[in-house]
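See below for work_23.cif, which holds mmCIF, C-alpha atoms.
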```cif
data_coords
#
loop_
_atom_site.label_atom_id
_atom_site.label_comp_id
_atom_site.auth_asym_id
_atom_site.auth_seq_id
_atom_site.Cartn_x
_atom_site.Cartn_y
_atom_site.Cartn_z
CA MET A 1 -62.84 -81.68 -46.24
CA GLU A 2 -61.12 -80.77 -49.48
CA PHE A 3 -59.58 -82.68 -52.34
CA LEU A 4 -58.29 -81.72 -55.75
CA VAL A 5 -57.87 -83.78 -58.90
CA ASP A 6 -55.83 -82.05 -61.59
CA LEU A 7 -55.22 -83.93 -64.84
CA THR A 8 -54.09 -83.32 -68.38
CA LEU A 9 -55.60 -86.04 -70.54
CA PRO A 10 -55.30 -87.06 -74.19
CA THR A 11 -58.50 -87.03 -76.22
CA ASP A 12 -58.75 -90.81 -76.00
CA ALA A 13 -62.24 -92.15 -75.27
CA ARG A 14 -60.74 -95.20 -73.52
CA LEU A 15 -59.74 -92.94 -70.61
CA ILE A 16 -63.21 -91.61 -69.84
CA SER A 17 -64.30 -94.61 -67.78
CA GLN A 18 -61.12 -94.52 -65.68
CA THR A 19 -61.50 -90.78 -65.13
CA ARG A 20 -65.10 -91.32 -63.98
CA ARG A 21 -63.94 -94.01 -61.55
CA VAL A 22 -61.22 -91.80 -60.08
CA VAL A 23 -63.51 -88.82 -59.46
CA SER A 24 -66.38 -91.02 -58.27
CA GLY A 25 -64.12 -92.95 -55.91
CA TYR A 26 -62.72 -89.82 -54.29
CA LEU A 27 -66.15 -88.26 -53.86
CA HIS A 28 -67.58 -91.44 -52.31
CA GLU A 29 -64.59 -91.76 -49.97
CA MET A 30 -65.10 -88.16 -48.85
CA GLY A 31 -68.71 -88.95 -47.92
CA VAL A 32 -70.51 -87.17 -50.74
CA ALA A 33 -74.09 -88.37 -51.24
CA THR A 34 -74.54 -90.92 -54.03
CA GLU A 35 -77.05 -88.70 -55.86
CA VAL A 36 -74.52 -85.84 -56.00
CA VAL A 37 -71.71 -88.17 -57.11
CA ASP A 38 -73.90 -89.60 -59.87
CA ASP A 39 -74.81 -86.11 -61.14
CA VAL A 40 -71.20 -84.91 -61.10
CA VAL A 41 -69.87 -88.03 -62.82
CA LEU A 42 -72.53 -87.91 -65.55
CA ALA A 43 -71.84 -84.21 -66.18
CA LEU A 44 -68.09 -84.91 -66.23
CA ASP A 45 -68.62 -87.73 -68.71
CA GLU A 46 -70.66 -85.46 -71.01
CA ALA A 47 -68.08 -82.66 -70.82
CA CYS A 48 -65.15 -84.98 -71.62
CA THR A 49 -67.06 -86.65 -74.44
CA ASN A 50 -67.84 -83.23 -75.94
CA VAL A 51 -64.14 -82.34 -75.95
CA MET A 52 -63.23 -85.64 -77.61
CA ARG A 53 -65.93 -85.33 -80.27
CA HIS A 54 -65.81 -81.64 -81.08
CA ALA A 55 -62.74 -79.73 -79.87
CA PHE A 56 -60.07 -81.17 -82.15
CA PRO A 57 -61.26 -82.26 -85.58
CA GLY A 58 -58.54 -84.40 -87.05
CA ALA A 59 -55.53 -85.20 -84.89
CA PRO A 60 -55.90 -86.17 -81.21
CA GLU A 61 -54.86 -83.54 -78.67
CA SER A 62 -55.07 -83.13 -74.92
CA PHE A 63 -57.33 -81.26 -72.52
CA HIS A 64 -57.28 -80.25 -68.87
CA LEU A 65 -59.60 -81.49 -66.13
CA SER A 66 -59.71 -80.35 -62.53
CA ALA A 67 -62.16 -81.32 -59.82
CA ARG A 68 -62.31 -79.78 -56.36
CA LEU A 69 -64.43 -80.70 -53.37
CA ASP A 70 -64.89 -78.29 -50.50
CA ALA A 71 -67.41 -78.08 -47.67
CA ASP A 72 -70.26 -76.74 -49.83
CA GLU A 73 -69.78 -77.93 -53.39
CA VAL A 74 -67.96 -79.90 -56.05
CA VAL A 75 -66.37 -77.80 -58.80
CA VAL A 76 -65.31 -79.43 -62.08
CA ILE A 77 -63.49 -77.54 -64.82
CA VAL A 78 -62.87 -78.98 -68.29
CA GLU A 79 -60.69 -76.87 -70.61
CA ASP A 80 -59.32 -77.32 -74.10
CA ASP A 81 -57.61 -75.16 -76.68
CA GLY A 82 -59.61 -76.57 -79.58
CA VAL A 83 -61.87 -74.94 -82.13
CA GLY A 84 -64.41 -73.57 -79.64
CA LEU A 85 -68.20 -73.69 -79.76
CA PRO A 86 -70.67 -71.86 -81.95
CA THR A 87 -71.96 -68.69 -80.26
CA SER A 88 -75.52 -70.07 -80.37
CA THR A 89 -74.47 -72.84 -77.98
CA LEU A 90 -73.74 -70.38 -75.18
CA ASN A 91 -77.39 -69.49 -74.68
CA GLU A 92 -79.08 -72.77 -75.62
CA PRO A 93 -82.44 -73.22 -73.93
CA LEU A 94 -82.79 -76.11 -71.50
CA GLY A 95 -85.30 -77.96 -73.64
CA PRO A 96 -84.04 -80.14 -76.50
CA SER A 97 -84.15 -78.32 -79.82
CA VAL A 98 -84.89 -81.55 -81.68
CA PRO A 99 -86.97 -83.86 -79.46
CA MET A 100 -85.76 -87.14 -80.98
CA ALA A 101 -82.12 -86.12 -81.50
CA THR A 102 -79.61 -88.71 -80.33
CA SER A 103 -76.79 -86.19 -79.89
CA GLY A 104 -76.43 -82.50 -79.17
CA ARG A 105 -77.96 -82.64 -75.70
CA GLY A 106 -74.78 -82.86 -73.63
CA LEU A 107 -74.64 -79.23 -72.55
CA GLN A 108 -78.36 -79.22 -71.77
CA MET A 109 -77.91 -82.32 -69.61
CA ILE A 110 -74.95 -80.74 -67.79
CA ARG A 111 -77.04 -77.65 -67.04
CA ARG A 112 -79.78 -79.82 -65.55
CA LEU A 113 -77.45 -81.94 -63.44
CA MET A 114 -75.30 -79.19 -61.98
CA THR A 115 -76.19 -76.24 -59.73
CA ASP A 116 -74.27 -73.69 -61.83
CA VAL A 117 -72.57 -73.87 -65.24
CA GLU A 118 -70.27 -71.27 -66.81
CA LEU A 119 -69.10 -71.66 -70.38
CA GLU A 120 -66.43 -69.60 -72.12
CA THR A 121 -65.46 -70.01 -75.74
CA ALA A 122 -64.33 -67.91 -78.71
CA PRO A 123 -64.05 -64.95 -79.06
CA LEU A 124 -63.37 -64.70 -75.31
CA ARG A 125 -60.63 -67.32 -75.44
CA GLN A 126 -58.97 -69.98 -77.57
CA GLY A 127 -60.87 -73.23 -77.16
CA THR A 128 -63.51 -73.83 -74.51
CA ARG A 129 -63.64 -73.66 -70.70
CA LEU A 130 -66.57 -75.29 -68.92
CA GLU A 131 -66.90 -74.76 -65.16
CA MET A 132 -69.57 -76.84 -63.45
CA ARG A 133 -70.60 -76.55 -59.80
CA ARG A 134 -72.79 -78.95 -57.85
CA SER A 135 -73.97 -78.00 -54.38
CA LEU A 136 -73.63 -80.61 -51.66
CA LEU A 137 -76.65 -79.25 -49.84
#
```

Can you give me the file's structure in the form of structure tokens?
Amino acid sequence: MEFLVDLTLPTDARLISQTRRVVSGYLHEMGVATEVVDDVVLALDEACTNVMRHAFPGAPESFHLSARLDADEVVVIVEDDGVGLPTSTLNEPLGPSVPMATSGRGLQMIRRLMTDVELETAPLRQGTRLEMRRSLL
């Protein structure tokens, strides 16, 4: 069992729901448990929203999304060549820094939903690369 979704998307919030449906539909069709699908889709939604809100201040741009399912896990990679993240974001603790904050928790949520999360940003690269893995087991 293996499938691959590989997309280059504009930073247009109207496309997030369709992207969620595509990935969710494929995972369901491949027999992935609903709990895993829900976690992956929510993490994907957070990652795409972060790109749209933060990567490209000013003019809209595009970003890359790939999702792969194999026998053991789902791997989702979201990449952009935007402004990158502050260094402090790389090692954010899991708990919310401001308990009543209504934003700024996306990366924390992704870390809780997924089995493994790797984040690369400046100075290692231009933009940001977020690789998220969710075990099927």

**Message:** the PyMOL selection byres ((chain A and resi 55-65) around 9) - which residues does that actually catch in the file I just gave you? List them as a PyMOL selection string.
**Reply:** chain A and resi 5-12+48+50-54+66-67+76-85+127-128

**Message:** Residues proximal to (-75.0, -85.4, -61.5) were defined as those with any atom within 10 Å of that point in the file's coordinates, counting all atoms listed in the file. Which are they, as a ChimeraX atom specification?
**Reply:** /A:34-45,109-115,134

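Of the listed residues A:Thr19, A:Ser135, A:Gln108, A:Thr121, the one whose atoms come nearest to Val32 of chain A is A:Ser135, with distances taken using only C-alpha atoms.
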
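You will find atom CA of Tyr26 of chain A at 15.7 Å from atom CA of Asp72 of chain A.
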
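For the pair atom CA of Val74 of chain A and atom CA of Val117 of chain A, the separation is 11.9 Å.
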
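A straight line drawn from atom CA of His28 of chain A to atom CA of Leu69 of chain A is 11.2 Å long.
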
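Proximity to Ile16 of chain A was assessed for A:Gly31, A:Leu130, A:Ala47, A:Glu2 counting all atoms listed in the file; the smallest distance is recorded for A:Ala47.
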
**Asked** Quick one: of A:Ala71, A:Leu137, A:Leu4, A:Met132, who's nearest to Val23 of chain A, counting all atoms listed in the file?
**Response** A:Leu4
